file work.txt (compact mmCIF, C-alpha atoms)
# COMPACT_ATOMS: atom_id res chain seq x y z
CA MET A 13 134.99 149.21 240.75
CA GLU A 14 132.16 149.82 238.33
CA ARG A 15 132.83 148.58 234.78
CA TRP A 16 131.06 149.38 231.54
CA ASP A 17 130.90 147.39 228.31
CA VAL A 18 132.64 149.00 225.36
CA CYS A 19 130.22 149.10 222.42
CA ASP A 20 130.36 150.13 218.80
CA SER A 21 128.24 153.01 217.47
CA GLU A 22 125.24 150.68 217.18
CA GLY A 23 125.43 149.64 220.83
CA ASN A 24 126.85 146.19 220.12
CA PRO A 25 129.30 145.01 222.81
CA THR A 26 132.87 144.60 221.55
CA GLY A 27 133.86 142.17 224.30
CA ARG A 28 135.98 144.80 226.03
CA THR A 29 135.18 146.78 229.18
CA ARG A 30 136.37 150.04 230.71
CA ALA A 31 136.46 150.98 234.37
CA LYS A 32 134.47 154.02 235.48
CA GLY A 33 136.69 157.04 234.90
CA GLU A 34 138.73 155.50 232.07
CA ASP A 35 138.71 157.34 228.76
CA PHE A 36 136.92 155.89 225.75
CA LEU A 37 138.69 155.91 222.39
CA GLU A 38 137.33 157.26 219.11
CA GLY A 39 134.50 154.97 217.93
CA GLU A 40 133.98 153.44 221.37
CA TYR A 41 130.73 153.94 223.27
CA HIS A 42 129.04 152.83 226.46
CA VAL A 43 125.35 152.57 227.26
CA ALA A 44 123.31 154.57 229.75
CA ALA A 45 119.62 154.19 230.52
CA GLU A 46 117.01 156.80 231.41
CA ILE A 47 113.47 156.17 232.61
CA TRP A 48 110.53 158.55 232.41
CA ILE A 49 108.04 157.55 235.09
CA PHE A 50 104.42 158.62 234.78
CA ASN A 51 101.18 157.99 236.66
CA GLY A 52 97.46 157.66 235.93
CA LYS A 53 97.02 161.42 236.43
CA LYS A 54 99.33 162.03 233.46
CA GLN A 55 102.04 163.42 235.74
CA PHE A 56 105.77 162.79 235.52
CA LEU A 57 108.05 161.87 238.40
CA ILE A 58 111.18 163.97 238.68
CA GLN A 59 113.96 163.57 241.20
CA LYS A 60 116.28 166.09 242.78
CA ARG A 61 119.83 164.81 242.71
CA SER A 62 121.55 164.66 246.08
CA SER A 63 123.90 167.50 246.98
CA ARG A 64 126.46 164.69 247.52
CA CYS A 65 126.46 163.73 243.83
CA GLN A 66 129.64 164.50 241.91
CA GLN A 67 127.74 165.42 238.76
CA TYR A 68 124.84 167.87 238.76
CA PRO A 69 124.24 168.03 242.53
CA GLY A 70 120.88 169.50 243.55
CA ILE A 71 119.52 169.42 239.99
CA TRP A 72 116.05 168.08 239.10
CA SER A 73 116.14 165.28 236.52
CA THR A 74 114.66 161.99 235.46
CA THR A 75 116.01 158.70 236.80
CA ALA A 76 119.07 157.62 234.83
CA GLY A 77 122.40 155.87 235.08
CA ARG A 78 125.11 153.88 233.35
CA VAL A 79 124.53 150.28 232.30
CA GLN A 80 127.08 148.04 233.98
CA ALA A 81 129.21 145.48 232.15
CA GLY A 82 127.19 142.37 231.36
CA GLU A 83 123.81 144.06 231.86
CA THR A 84 121.22 144.68 229.18
CA PRO A 85 120.01 148.28 228.91
CA ALA A 86 116.58 147.24 230.25
CA ALA A 87 118.15 145.47 233.25
CA GLY A 88 120.31 148.50 233.93
CA CYS A 89 117.28 150.77 233.79
CA ILE A 90 115.35 148.54 236.21
CA ARG A 91 118.36 148.42 238.57
CA GLU A 92 118.80 152.21 238.54
CA ALA A 93 115.11 152.79 239.37
CA GLU A 94 115.30 150.38 242.28
CA GLU A 95 118.64 151.71 243.58
CA GLU A 96 117.81 155.41 243.32
CA ILE A 97 114.11 155.60 244.20
CA GLY A 98 113.18 152.11 245.43
CA MET A 99 110.77 151.51 242.54
CA LYS A 100 110.45 147.88 241.54
CA ILE A 101 109.75 147.44 237.83
CA VAL A 102 109.17 144.14 236.09
CA PRO A 103 110.54 143.85 232.54
CA LYS A 104 107.08 143.53 230.93
CA ASP A 105 106.13 146.96 232.34
CA LEU A 106 109.13 148.72 230.83
CA ILE A 107 108.40 150.61 227.60
CA HIS A 108 111.31 151.33 225.25
CA VAL A 109 110.89 154.88 223.92
CA LEU A 110 113.98 155.46 221.78
CA THR A 111 117.75 155.18 221.46
CA LEU A 112 119.94 158.29 221.38
CA ASN A 113 123.46 157.94 220.03
CA ARG A 114 125.54 160.81 221.32
CA GLU A 115 127.89 162.07 218.67
CA ASP A 116 129.83 164.16 221.16
CA LYS A 117 132.69 163.68 223.61
CA THR A 118 130.58 161.63 226.07
CA HIS A 119 130.88 158.41 224.02
CA MET A 120 127.39 157.44 225.19
CA ILE A 121 124.37 155.71 223.77
CA TRP A 122 121.24 156.50 225.77
CA GLU A 123 118.43 153.95 225.93
CA VAL A 124 115.29 155.78 226.98
CA TYR A 125 112.43 153.94 228.68
CA ALA A 126 109.13 154.76 230.37
CA ALA A 127 107.05 153.05 233.02
CA ARG A 128 103.86 153.75 234.92
CA THR A 129 103.32 153.70 238.65
CA ASP A 130 100.75 155.20 240.96
CA LEU A 131 103.01 155.36 244.01
CA LYS A 132 102.70 158.50 246.09
CA GLU A 133 105.81 160.65 246.55
CA GLU A 134 106.27 159.45 250.14
CA GLU A 135 106.19 155.79 249.04
CA PHE A 136 109.43 155.99 247.08
CA LEU A 137 112.53 154.79 248.96
CA LEU A 138 115.23 157.31 248.14
CA ASP A 139 118.94 156.55 248.22
CA PRO A 140 120.27 159.65 250.06
CA GLU A 141 123.60 159.37 248.23
CA GLU A 142 121.78 159.78 244.90
CA VAL A 143 118.40 161.44 245.45
CA GLU A 144 117.27 164.23 247.76
CA ALA A 145 113.58 164.35 246.81
CA VAL A 146 111.00 163.22 244.26
CA ARG A 147 108.02 165.14 242.98
CA TRP A 148 105.10 164.52 240.63
CA VAL A 149 104.68 167.33 238.07
CA SER A 150 102.10 167.94 235.38
CA GLN A 151 103.00 167.96 231.69
CA GLU A 152 102.69 171.74 231.74
CA GLU A 153 105.00 172.07 234.76
CA LEU A 154 107.58 169.80 233.15
CA ALA A 155 107.39 171.73 229.87
CA GLU A 156 108.01 174.95 231.82
CA MET A 157 110.97 173.39 233.65
CA ILE A 158 112.46 172.37 230.31
CA GLU A 159 111.98 175.83 228.84
CA SER A 160 113.37 177.61 231.91
CA GLY A 161 116.29 175.20 232.31
CA SER A 162 115.30 174.28 235.87
CA ILE A 163 115.64 170.56 235.06
CA PHE A 164 118.72 168.79 233.71
CA LEU A 165 118.81 169.71 230.02
CA TYR A 166 120.34 167.61 227.30
CA PRO A 167 120.07 168.26 223.56
CA GLU A 168 117.27 165.75 222.88
CA ILE A 169 115.09 166.36 225.96
CA ARG A 170 112.27 168.06 224.03
CA GLU A 171 112.13 165.19 221.50
CA VAL A 172 112.06 162.62 224.32
CA PHE A 173 109.37 164.56 226.21
CA GLU A 174 107.14 164.63 223.11
CA LYS A 175 107.55 160.86 222.55
CA VAL A 176 106.82 160.02 226.18
CA LYS A 177 103.70 162.23 226.19
CA GLU A 178 102.33 160.01 223.38
CA LEU A 179 102.27 157.10 225.87
CA LEU A 180 99.88 158.86 228.28

call {"tool": "encode", "arguments": {"input": "work.txt", "output": "structure tokens"}}
result
Amino acid sequence: MERWDVCDSEGNPTGRTRAKGEDFLEGEYHVAAEIWIFNGKKQFLIQKRSSRCQQYPGIWSTTAGRVQAGETPAAGCIREAEEEIGMKIVPKDLIHVLTLNREDKTHMIWEVYAARTDLKEEEFLLDPEEVEAVRWVSQEELAEMIESGSIFLYPEIREVFEKVKELL
């Protein structure tokens, strides 16, 4: 059973954990990590979530997932990229973009990262339980997907997109 560290609002572990599916109490948070992958052509990699996924099946998104108990956010991000799309990232190549503290009912703190690769779409090793397809898109295409809602939208996606574009 997957377990997550219980953190305070600053992301500091409290020493307690919760099993996946357990409710978090007021003032308790857990950490998730998202990675924006880009290439030398200034394109972004997006992934289509598997139709088997419980949450947001068939939706285009970035690579993301929950940080497991005992993991650092960076380690969780690296693990998620390898599990979902077979991309191996070394810690020195991971760029921390920003931290988003969700003040909503999700009880989540998102650590957002970026990394560069020049792998071709067919070189990614997709976990069929998680990912149906990957695709490189231009900045303009991604901006259009955000505006049209054809990619997973969350409140801060435009802010994150602008910060990641500064890395290109």

call {"tool": "atom_distance", "arguments": {"input": "work.txt", "atom1": "atom CA of Ile169 of chain A", "atom2": "atom CA of Glu152 of chain A"}}
result
14.7 Å

call {"tool": "closest_residue", "arguments": {"input": "work.txt", "among": "A:Ser150, A:Ser62, A:Thr129, A:Ser21", "to": "Val102 of chain A", "atoms": "only C-alpha atoms"}}
result
A:Thr129

call {"tool": "closest_residue", "arguments": {"input": "work.txt", "among": "A:Pro167, A:Glu142, A:Glu153, A:Leu131", "to": "Gln66 of chain A", "atoms": "all atoms listed in the file"}}
result
A:Glu142

call {"tool": "atom_distance", "arguments": {"input": "work.txt", "atom1": "atom CA of Tyr41 of chain A", "atom2": "atom CA of Phe164 of chain A"}}
result
21.8 Å

call {"tool": "closest_residue", "arguments": {"input": "work.txt", "among": "A:Cys89, A:Ile158, A:Val146, A:Ile163", "to": "Lys132 of chain A", "atoms": "only C-alpha atoms"}}
result
A:Val146

call {"tool": "closest_residue", "arguments": {"input": "work.txt", "among": "A:Gly98, A:Gly70, A:Gly23, A:Pro140", "to": "Pro85 of chain A", "atoms": "all atoms listed in the file"}}
result
A:Gly23

call {"tool": "closest_residue", "arguments": {"input": "work.txt", "among": "A:Phe56, A:Trp72, A:Trp48, A:Phe136", "to": "His108 of chain A", "atoms": "all atoms listed in the file"}}
result
A:Trp48

call {"tool": "closest_residue", "arguments": {"input": "work.txt", "among": "A:Lys60, A:Phe50, A:Asp105, A:Arg78", "to": "Phe173 of chain A", "atoms": "only C-alpha atoms"}}
result
A:Phe50

call {"tool": "residues_near_point", "arguments": {"input": "work.txt", "point": "(112.9, 152.6, 230.6)", "cutoff": "7 Å", "atoms": "only C-alpha atoms", "output": "list in words"}}
result
Ala45, Glu46, Ile47, Trp48, Ala86, Cys89, Leu106, Ile107, His108, Val124, Tyr125, Ala126 and Ala127 of chain A

call {"tool": "residues_around", "arguments": {"input": "work.txt", "residues": "Thr29 of chain A", "least_positions_apart": "3", "cutoff": "8 Å", "atoms": "all atoms listed in the file", "output": "PyMOL selection string"}}
result
chain A and resi 15-18+81

call {"tool": "residues_around", "arguments": {"input": "work.txt", "residues": "Gly88 of chain A", "least_positions_apart": "3", "cutoff": "9 Å", "atoms": "all atoms listed in the file", "output": "NGL selection string"}}
result
:A and (44-45 or 77-80 or 83-85 or 91-93)

call {"tool": "atom_distance", "arguments": {"input": "work.txt", "atom1": "atom CA of Ile121 of chain A", "atom2": "atom CA of Asn24 of chain A"}}
result
10.5 Å

call {"tool": "residues_around", "arguments": {"input": "work.txt", "residues": "Gln59 of chain A", "least_positions_apart": "4", "cutoff": "7 Å", "atoms": "only C-alpha atoms", "output": "MDAnalysis selection string"}}
result
chainID A and resid 72:75 143 145:147

call {"tool": "build_atoms", "arguments": {"input": "work.txt", "residues": "segment 138-159 of chain A", "atoms": "N, CA and C atoms", "output": "CSV table (one decimal), keeping the file's coordinate frame"}}
result
chain,number,residue,atom,x,y,z
A,138,LEU,N,114.1,156.6,248.8
A,138,LEU,CA,115.2,157.3,248.1
A,138,LEU,C,116.6,156.9,248.7
A,139,ASP,N,117.6,156.8,247.8
A,139,ASP,CA,118.9,156.6,248.2
A,139,ASP,C,119.5,157.9,248.5
A,140,PRO,N,119.8,158.3,249.7
A,140,PRO,CA,120.3,159.6,250.1
A,140,PRO,C,121.6,160.0,249.4
A,141,GLU,N,122.4,159.1,249.0
A,141,GLU,CA,123.6,159.4,248.2
A,141,GLU,C,123.3,159.8,246.8
A,142,GLU,N,122.1,159.5,246.3
A,142,GLU,CA,121.8,159.8,244.9
A,142,GLU,C,120.6,160.8,244.8
A,143,VAL,N,119.6,160.7,245.6
A,143,VAL,CA,118.4,161.4,245.4
A,143,VAL,C,118.0,162.1,246.7
A,144,GLU,N,117.7,163.4,246.6
A,144,GLU,CA,117.3,164.2,247.8
A,144,GLU,C,115.8,164.2,247.9
A,145,ALA,N,115.0,164.2,246.8
A,145,ALA,CA,113.6,164.4,246.8
A,145,ALA,C,113.0,163.9,245.5
A,146,VAL,N,111.7,163.5,245.5
A,146,VAL,CA,111.0,163.2,244.3
A,146,VAL,C,109.7,164.1,244.3
A,147,ARG,N,109.2,164.3,243.1
A,147,ARG,CA,108.0,165.1,243.0
A,147,ARG,C,107.3,164.8,241.7
A,148,TRP,N,105.9,164.7,241.8
A,148,TRP,CA,105.1,164.5,240.6
A,148,TRP,C,104.8,165.9,240.1
A,149,VAL,N,105.0,166.1,238.7
A,149,VAL,CA,104.7,167.3,238.1
A,149,VAL,C,103.8,167.1,236.9
A,150,SER,N,103.0,168.0,236.6
A,150,SER,CA,102.1,167.9,235.4
A,150,SER,C,102.9,168.1,234.1
A,151,GLN,N,102.3,167.8,233.0
A,151,GLN,CA,103.0,168.0,231.7
A,151,GLN,C,103.4,169.4,231.5
A,152,GLU,N,102.5,170.3,231.9
A,152,GLU,CA,102.7,171.7,231.7
A,152,GLU,C,103.9,172.2,232.6
A,153,GLU,N,103.9,171.7,233.9
A,153,GLU,CA,105.0,172.1,234.8
A,153,GLU,C,106.3,171.6,234.2
A,154,LEU,N,106.3,170.3,233.7
A,154,LEU,CA,107.6,169.8,233.2
A,154,LEU,C,108.0,170.6,231.9
A,155,ALA,N,107.1,170.9,231.1
A,155,ALA,CA,107.4,171.7,229.9
A,155,ALA,C,108.0,173.1,230.3
A,156,GLU,N,107.5,173.7,231.3
A,156,GLU,CA,108.0,175.0,231.8
A,156,GLU,C,109.4,174.8,232.4
A,157,MET,N,109.6,173.7,233.1
A,157,MET,CA,111.0,173.4,233.6
A,157,MET,C,112.0,173.2,232.5
A,158,ILE,N,111.6,172.6,231.5
A,158,ILE,CA,112.5,172.4,230.3
A,158,ILE,C,112.8,173.7,229.7
A,159,GLU,N,111.8,174.5,229.5
A,159,GLU,CA,112.0,175.8,228.8
A,159,GLU,C,112.8,176.8,229.7
